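Reproduced below: model-v3.cif, with mmCIF, C-alpha atoms.
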data_work
loop_
_atom_site.label_atom_id
_atom_site.label_comp_id
_atom_site.auth_asym_id
_atom_site.auth_seq_id
_atom_site.Cartn_x
_atom_site.Cartn_y
_atom_site.Cartn_z
CA MET A 31 182.37 18.92 -47.21
CA SER A 32 183.87 19.50 -50.63
CA ASN A 33 184.72 15.80 -50.81
CA ASN A 34 181.07 14.78 -50.82
CA GLU A 35 178.36 14.60 -53.39
CA ASP A 36 177.19 18.25 -53.43
CA LYS A 37 179.17 19.19 -56.50
CA HIS A 38 178.45 15.99 -58.35
CA HIS A 39 178.02 15.98 -62.08
CA ILE A 40 174.78 14.34 -63.21
CA VAL A 41 175.32 12.40 -66.42
CA PRO A 42 172.18 12.48 -68.61
CA PHE A 43 170.49 9.16 -69.53
CA ARG A 44 171.06 10.00 -73.21
CA THR A 45 174.85 9.79 -72.78
CA PHE A 46 174.60 6.23 -71.44
CA ILE A 47 172.25 5.16 -74.24
CA ILE A 48 174.65 6.53 -76.88
CA VAL A 49 177.63 4.82 -75.21
CA LEU A 50 175.70 1.54 -75.03
CA ALA A 51 174.85 1.81 -78.73
CA ALA A 52 178.54 2.40 -79.52
CA LEU A 53 179.57 -0.60 -77.36
CA LEU A 54 177.07 -2.89 -79.11
CA THR A 55 178.23 -1.63 -82.51
CA PHE A 56 181.86 -2.40 -81.64
CA THR A 57 180.80 -5.87 -80.46
CA PHE A 58 179.06 -6.66 -83.73
CA ILE A 59 181.97 -5.25 -85.75
CA SER A 60 184.38 -7.51 -83.86
CA ILE A 61 182.16 -10.55 -84.50
CA ALA A 62 181.99 -9.64 -88.21
CA VAL A 63 185.73 -8.98 -88.51
CA THR A 64 186.75 -12.27 -86.88
CA ASN A 65 184.58 -14.19 -89.35
CA TYR A 66 187.22 -13.43 -91.96
CA GLU A 67 190.49 -15.30 -92.02
CA LEU A 68 192.92 -12.44 -91.64
CA GLY A 69 195.55 -14.26 -89.60
CA ALA A 70 197.37 -12.14 -87.05
CA PHE A 71 195.32 -9.12 -88.11
CA THR A 72 192.17 -10.76 -86.72
CA VAL A 73 193.67 -10.90 -83.23
CA LEU A 74 194.91 -7.33 -83.54
CA ALA A 75 191.51 -6.04 -84.74
CA ALA A 76 189.63 -7.88 -81.97
CA MET A 77 192.01 -6.54 -79.31
CA LEU A 78 191.85 -2.97 -80.64
CA LEU A 79 188.03 -3.07 -80.60
CA ALA A 80 188.05 -4.52 -77.06
CA THR A 81 190.40 -1.73 -75.98
CA ALA A 82 188.11 0.90 -77.53
CA LYS A 83 185.14 -0.63 -75.66
CA THR A 84 187.11 -0.63 -72.40
CA ILE A 85 187.95 3.05 -72.81
CA LEU A 86 184.27 3.88 -73.37
CA VAL A 87 183.26 1.92 -70.24
CA LEU A 88 186.01 3.57 -68.16
CA VAL A 89 185.39 7.12 -69.34
CA TYR A 90 181.58 7.20 -69.33
CA PHE A 91 180.13 4.29 -67.31
CA MET A 92 182.82 4.56 -64.63
CA HIS A 93 182.55 8.37 -64.64
CA LEU A 94 186.27 8.99 -65.16
CA LYS A 95 185.44 11.96 -67.37
CA PHE A 96 183.52 13.61 -64.55
CA ASP A 97 185.46 12.41 -61.51
CA VAL A 98 188.66 13.74 -59.91
CA LYS A 99 191.63 13.49 -62.27
CA ILE A 100 193.76 11.20 -60.10
CA PHE A 101 191.57 8.14 -60.86
CA GLY A 102 192.11 8.58 -64.59
CA ILE A 103 195.86 9.01 -64.14
CA LEU A 104 196.16 5.91 -61.95
CA ILE A 105 194.06 3.61 -64.17
CA THR A 106 196.09 4.76 -67.21
CA ALA A 107 199.28 3.87 -65.36
CA VAL A 108 197.93 0.45 -64.30
CA LEU A 109 196.73 -0.38 -67.83
CA ALA A 110 200.04 0.82 -69.31
CA LEU A 111 201.88 -1.47 -66.88
CA ILE A 112 199.70 -4.45 -67.84
CA GLY A 113 200.13 -3.66 -71.55
CA ALA A 114 203.91 -3.36 -71.16
CA VAL A 115 204.22 -6.66 -69.27
CA ILE A 116 202.18 -8.54 -71.89
CA PHE A 117 204.01 -6.83 -74.79
CA ILE A 118 207.50 -7.50 -73.41
CA THR A 119 206.65 -11.11 -72.54
CA LEU A 120 205.36 -11.72 -76.07
CA LEU A 121 208.47 -10.07 -77.57
CA ASP A 122 210.53 -12.52 -75.54
CA TYR A 123 208.57 -15.50 -76.86
CA ILE A 124 208.41 -14.31 -80.48
CA PHE A 125 212.15 -13.54 -80.81
CA ARG A 126 213.46 -16.31 -78.59
CA MET B 179 177.59 23.40 -47.49
CA THR B 180 176.37 20.93 -44.94
CA MET B 181 172.64 21.26 -44.45
CA ASN B 182 171.89 19.01 -41.52
CA ASN B 183 172.80 19.76 -37.95
CA MET B 184 174.58 16.49 -37.46
CA GLU B 185 178.06 16.73 -38.90
CA GLU B 186 178.50 13.69 -41.11
CA HIS B 187 181.88 12.04 -41.31
CA ARG B 188 182.00 11.12 -44.95
CA ASP B 189 184.62 11.22 -47.64
CA ASP B 190 183.10 10.15 -50.93
CA ILE B 191 186.25 10.65 -53.00
CA GLY B 192 188.17 8.58 -50.46
CA SER B 193 185.49 5.93 -50.69
CA ARG B 194 185.70 5.76 -54.47
CA PHE B 195 189.50 5.82 -54.23
CA GLY B 196 189.34 2.68 -52.12
CA MET B 197 187.13 1.01 -54.71
CA TRP B 198 189.49 1.97 -57.52
CA LEU B 199 192.50 0.59 -55.64
CA PHE B 200 190.62 -2.69 -55.18
CA ILE B 201 189.76 -2.66 -58.90
CA PHE B 202 193.48 -2.29 -59.72
CA THR B 203 194.26 -5.47 -57.76
CA GLU B 204 191.47 -7.26 -59.65
CA LEU B 205 192.85 -6.05 -62.98
CA LEU B 206 196.31 -7.34 -62.07
CA LEU B 207 194.82 -10.70 -61.05
CA PHE B 208 193.12 -11.11 -64.42
CA ALA B 209 196.12 -9.61 -66.27
CA GLY B 210 198.21 -12.49 -64.93
CA LEU B 211 195.70 -14.94 -66.40
CA PHE B 212 195.58 -13.09 -69.72
CA LEU B 213 199.39 -13.26 -69.79
CA VAL B 214 199.27 -17.03 -69.28
CA TYR B 215 196.65 -17.25 -72.05
CA ALA B 216 198.78 -15.14 -74.43
CA VAL B 217 201.93 -17.23 -73.92
CA TYR B 218 200.16 -20.60 -74.20
CA ARG B 219 198.24 -19.43 -77.23
CA PHE B 220 201.49 -18.38 -78.85
CA LEU B 221 203.04 -21.77 -78.10
CA ASN B 222 199.95 -23.82 -79.15
CA ARG B 223 198.43 -21.68 -81.87
CA ASP B 224 196.72 -24.41 -83.91
CA ALA B 225 195.34 -26.27 -80.89
CA PHE B 226 193.89 -23.04 -79.45
CA GLN B 227 192.21 -22.13 -82.73
CA PHE B 228 190.84 -25.65 -83.10
CA ALA B 229 189.59 -25.78 -79.50
CA ALA B 230 188.01 -22.30 -79.67
CA GLU B 231 185.71 -23.54 -82.43
CA GLU B 232 184.06 -25.78 -79.84
CA LEU B 233 182.67 -22.68 -78.11
CA ASN B 234 179.31 -21.28 -79.19
CA THR B 235 179.85 -17.73 -80.50
CA PHE B 236 176.15 -16.97 -80.28
CA VAL B 237 175.96 -17.66 -76.53
CA GLY B 238 179.15 -15.66 -75.99
CA ALA B 239 177.78 -12.74 -78.02
CA LEU B 240 174.45 -12.89 -76.21
CA ASN B 241 176.22 -12.75 -72.85
CA THR B 242 178.29 -9.80 -74.08
CA VAL B 243 175.16 -7.89 -75.06
CA LEU B 244 173.56 -8.73 -71.69
CA LEU B 245 176.55 -7.50 -69.68
CA LEU B 246 176.93 -4.30 -71.70
CA ALA B 247 173.22 -3.53 -71.27
CA SER B 248 173.37 -4.21 -67.53
CA SER B 249 176.39 -1.92 -67.23
CA ALA B 250 174.41 0.85 -68.91
CA THR B 251 171.41 0.35 -66.62
CA ILE B 252 173.44 0.46 -63.40
CA ALA B 253 175.12 3.65 -64.63
CA MET B 254 171.66 5.07 -65.37
CA SER B 255 170.38 4.10 -61.92
CA ILE B 256 172.97 6.49 -60.44
CA THR B 257 171.63 9.31 -62.62
CA ALA B 258 168.06 8.42 -61.58
CA LEU B 259 168.97 8.50 -57.88
CA GLN B 260 170.81 11.81 -58.28
CA LYS B 261 167.60 13.21 -59.79
CA ASN B 262 165.74 11.84 -56.76
CA LYS B 263 163.82 9.30 -58.86
CA LYS B 264 164.07 6.48 -56.35
CA VAL B 265 161.62 4.07 -58.00
CA LEU B 266 163.28 4.42 -61.40
CA SER B 267 166.68 3.90 -59.80
CA LEU B 268 165.49 0.72 -58.06
CA GLY B 269 163.88 -0.49 -61.29
CA LEU B 270 167.12 -0.03 -63.22
CA LEU B 271 169.06 -1.83 -60.48
CA GLY B 272 166.51 -4.66 -60.49
CA PHE B 273 166.93 -4.97 -64.25
CA THR B 274 170.72 -5.11 -63.80
CA VAL B 275 170.39 -7.98 -61.31
CA LEU B 276 167.94 -9.83 -63.55
CA VAL B 277 170.25 -9.57 -66.54
CA GLY B 278 173.19 -10.70 -64.39
CA LEU B 279 171.20 -13.77 -63.40
CA VAL B 280 170.36 -14.54 -67.04
CA PHE B 281 174.10 -14.31 -67.78
CA LEU B 282 174.77 -16.94 -65.10
CA VAL B 283 172.00 -19.21 -66.41
CA ASN B 284 173.53 -19.03 -69.92
CA LYS B 285 176.92 -19.82 -68.43
CA TYR B 286 175.43 -22.81 -66.59
CA PHE B 287 173.98 -24.29 -69.77
CA GLU B 288 177.17 -23.55 -71.68
CA TRP B 289 179.35 -25.31 -69.12
CA SER B 290 176.93 -28.23 -68.78
CA LEU B 291 177.03 -28.81 -72.53
CA LYS B 292 180.84 -28.78 -72.57
CA ILE B 293 180.99 -31.19 -69.63
CA GLU B 294 178.40 -33.45 -71.28
CA HIS B 295 180.57 -33.55 -74.39
CA GLY B 296 183.45 -34.65 -72.21
CA LEU B 297 185.30 -31.35 -72.50
CA PHE B 298 186.40 -30.53 -68.97
CA PRO B 299 189.78 -30.43 -67.19
CA GLY B 300 191.03 -33.96 -66.60
CA SER B 301 188.51 -35.61 -68.92
CA GLU B 302 189.58 -38.65 -70.95
CA LEU B 303 188.48 -37.06 -74.21
CA LEU B 304 190.62 -34.00 -73.60
CA LEU B 305 193.66 -36.12 -72.80
CA GLU B 306 193.22 -37.84 -76.18
CA TYR B 307 193.59 -34.48 -77.87
CA GLY B 308 196.81 -32.73 -76.98
CA LYS B 309 198.51 -30.39 -74.56
CA GLY B 310 197.14 -27.31 -76.35
CA GLU B 311 193.49 -28.36 -76.01
CA VAL B 312 194.03 -29.24 -72.34
CA LEU B 313 195.48 -25.79 -71.74
CA PHE B 314 192.72 -24.04 -73.69
CA PHE B 315 189.89 -25.69 -71.78
CA GLY B 316 191.74 -25.37 -68.47
CA LEU B 317 192.06 -21.64 -69.04
CA TYR B 318 188.49 -21.41 -70.38
CA PHE B 319 186.97 -23.00 -67.29
CA PHE B 320 189.26 -21.19 -64.86
CA MET B 321 188.92 -17.70 -66.37
CA THR B 322 185.19 -17.79 -67.14
CA GLY B 323 184.65 -19.47 -63.75
CA LEU B 324 186.56 -16.77 -61.90
CA HIS B 325 184.62 -14.19 -63.91
CA ALA B 326 181.30 -15.86 -63.02
CA LEU B 327 182.36 -15.75 -59.36
CA HIS B 328 182.83 -11.99 -59.77
CA ILE B 329 179.35 -11.76 -61.30
CA ILE B 330 177.91 -13.47 -58.20
CA VAL B 331 179.81 -11.12 -55.86
CA GLY B 332 178.67 -8.15 -57.96
CA LEU B 333 175.03 -9.29 -57.78
CA VAL B 334 175.22 -9.59 -53.96
CA PHE B 335 176.83 -6.13 -53.80
CA ILE B 336 174.04 -4.65 -55.97
CA LEU B 337 171.32 -6.37 -53.92
CA VAL B 338 172.73 -4.91 -50.68
CA VAL B 339 172.75 -1.46 -52.29
CA PHE B 340 169.19 -2.06 -53.57
CA VAL B 341 167.90 -2.71 -50.03
CA ARG B 342 169.78 0.30 -48.65
CA ILE B 343 168.24 2.57 -51.31
CA GLN B 344 164.81 1.18 -50.43
CA LYS B 345 165.41 2.01 -46.76
CA GLY B 346 166.59 5.47 -47.73
CA ARG B 347 170.09 4.92 -46.36
CA ILE B 348 171.44 5.53 -49.85
CA ASN B 349 169.72 8.57 -51.37
CA SER B 350 170.19 11.53 -53.70
CA GLU B 351 172.53 13.16 -51.16
CA ASN B 352 174.55 10.09 -50.28
CA PHE B 353 175.01 7.55 -53.04
CA VAL B 354 178.70 6.70 -53.03
CA HIS B 355 177.94 3.04 -52.23
CA LEU B 356 175.75 2.81 -55.32
CA GLU B 357 178.62 4.35 -57.30
CA ASN B 358 181.04 1.77 -55.90
CA ALA B 359 178.68 -1.10 -56.74
CA GLY B 360 178.53 0.36 -60.25
CA LEU B 361 182.33 0.56 -60.50
CA TYR B 362 182.62 -3.10 -59.50
CA TRP B 363 179.97 -4.16 -62.01
CA HIS B 364 181.73 -2.23 -64.79
CA LEU B 365 185.01 -3.97 -63.89
CA VAL B 366 183.28 -7.33 -64.39
CA ASP B 367 182.02 -5.99 -67.74
CA ILE B 368 185.53 -4.92 -68.83
CA ILE B 369 186.98 -8.35 -68.03
CA TRP B 370 184.25 -9.99 -70.14
CA ILE B 371 184.98 -7.53 -72.98
CA PHE B 372 188.38 -9.25 -73.27
CA LEU B 373 187.30 -12.80 -72.42
CA PHE B 374 184.70 -12.84 -75.20
CA PRO B 375 186.98 -12.22 -78.22
CA LEU B 376 189.87 -14.27 -76.79
CA PHE B 377 187.82 -17.42 -76.18
CA TYR B 378 184.90 -17.21 -78.59
CA LEU B 379 185.90 -15.08 -81.55
CA ILE B 380 189.53 -15.69 -82.45
CA THR B 381 189.21 -19.12 -84.00
#

Just give me the structure of the file as structure tokens.
Amino acid sequence: MSNNEDKHHIVPFRTFIIVLAALLTFTFISIAVTNYELGAFTVLAAMLLATAKTILVLVYFMHLKFDVKIFGILITAVLALIGAVIFITLLDYIFR
Amino acid sequence: MTMNNMEEHRDDIGSRFGMWLFIFTELLLFAGLFLVYAVYRFLNRDAFQFAAEELNTFVGALNTVLLLASSATIAMSITALQKNKKVLSLGLLGFTVLVGLVFLVNKYFEWSLKIEHGLFPGSELLLEYGKGEVLFFGLYFFMTGLHALHIIVGLVFILVVFVRIQKGRINSENFVHLENAGLYWHLVDIIWIFLFPLFYLIT
């Protein structure tokens, strides 16, 4: 029965409140940052903040920190694949 | 470790594994769309920036806040159920559903306004603009529409889980289906985390 919920980690409410506060802060920072005309840097900043928010959601809300390791390894691989495909495609278009 | 006489045939890790695999396919589906967005944005930079100014940042930001809050409450409802606080867990789930519905209502008004202004795929006004604007609004309606469809599916999923918790089928000993509903809802949240800056912010 080791595969079932007996050994489950209970995440305290406080953790979720703190993570939510961080997510909202990142959202407001990204709104503030994109109000400035920073050219390509605006896109970069918005995407970096979105990535940071995604990591918070994955690690805490989706319990990756407390779950079996394989889920974390697989999602990292999938996101790396997506990142690589987008990066390489853009390289192709930029230097074409 | 099993306490009841009836041997249950359950594999919670396997169950979550299945949900994660499904989530990977969803991520790849949306990644394809984000790739299309990235390439067309690169090729039509000015048109995309011009068209993005048509979108209301406030409504987008409000919907972001709503989805983030609902993600937190569904995560908290798992904690509540684990602590055997069934009513609190149901309340948090109910709040999640309510907020999801408000998100959809906002989306409805947002889309209606765009359509009223003549900004929808195939509209005469859009054809007067250029290829870039057509692409931007095509992607806007398709991607936010597909996302809204995921919100609807997520809400149905959560409602099914809600009823099963009420009936005691999902409880503090057996809550993997609640966890899976949560995982799906967080996926929908993550997709919006990228849709929001790409369509509303980067103008």

Within 12 Å of Phe374 of chain B using all atoms listed in the file, minus same-chain residues under 2 positions, as an NGL selection string: (:A and (57-58 or 60-61 or 64 or 76-77 or 79-80)) or (:B and (230 or 233-243 or 245 or 318 or 321-322 or 325 or 367-372 or 376-381))

Work out how far apart atom CA of Leu271 of chain B and atom CA of Leu337 of chain B are and give it in Å to one decimal.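 According to the coordinates, atom CA of Leu271 of chain B and atom CA of Leu337 of chain B are separated by 8.3 Å.
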
Name every residue that the PyMOL selection byres ((chain A) within 8 of (chain B)) selects in this structure, writing the answer as a ChimeraX atom specification with chains first and numbers rising. /A:31,33-36,40-43,46-47,50,53-54,57,60-61,64-65,72-73,76-77,80,83-84,87-88,91-92,98,101,105,108,112,116,119-120,123

Determine the residue set returned by the PyMOL selection byres ((chain B and resi 272) around 12) for the present structure, and present it as a VMD selection string. chain B and resid 248 251 to 252 255 265 to 271 273 to 279 333 to 334 336 to 341 343 to 344

Would you compute the box with edges along x, y and z of the file around segment 370-375 of chain B, including every atom the file lists for it and 4 Å extra on each side, and give its centre and edge lengths in Å to one decimal, as JSON?
{"center_x": 186.3, "center_y": -10.2, "center_z": -74.2, "size_x": 12.1, "size_y": 13.3, "size_z": 16.1}
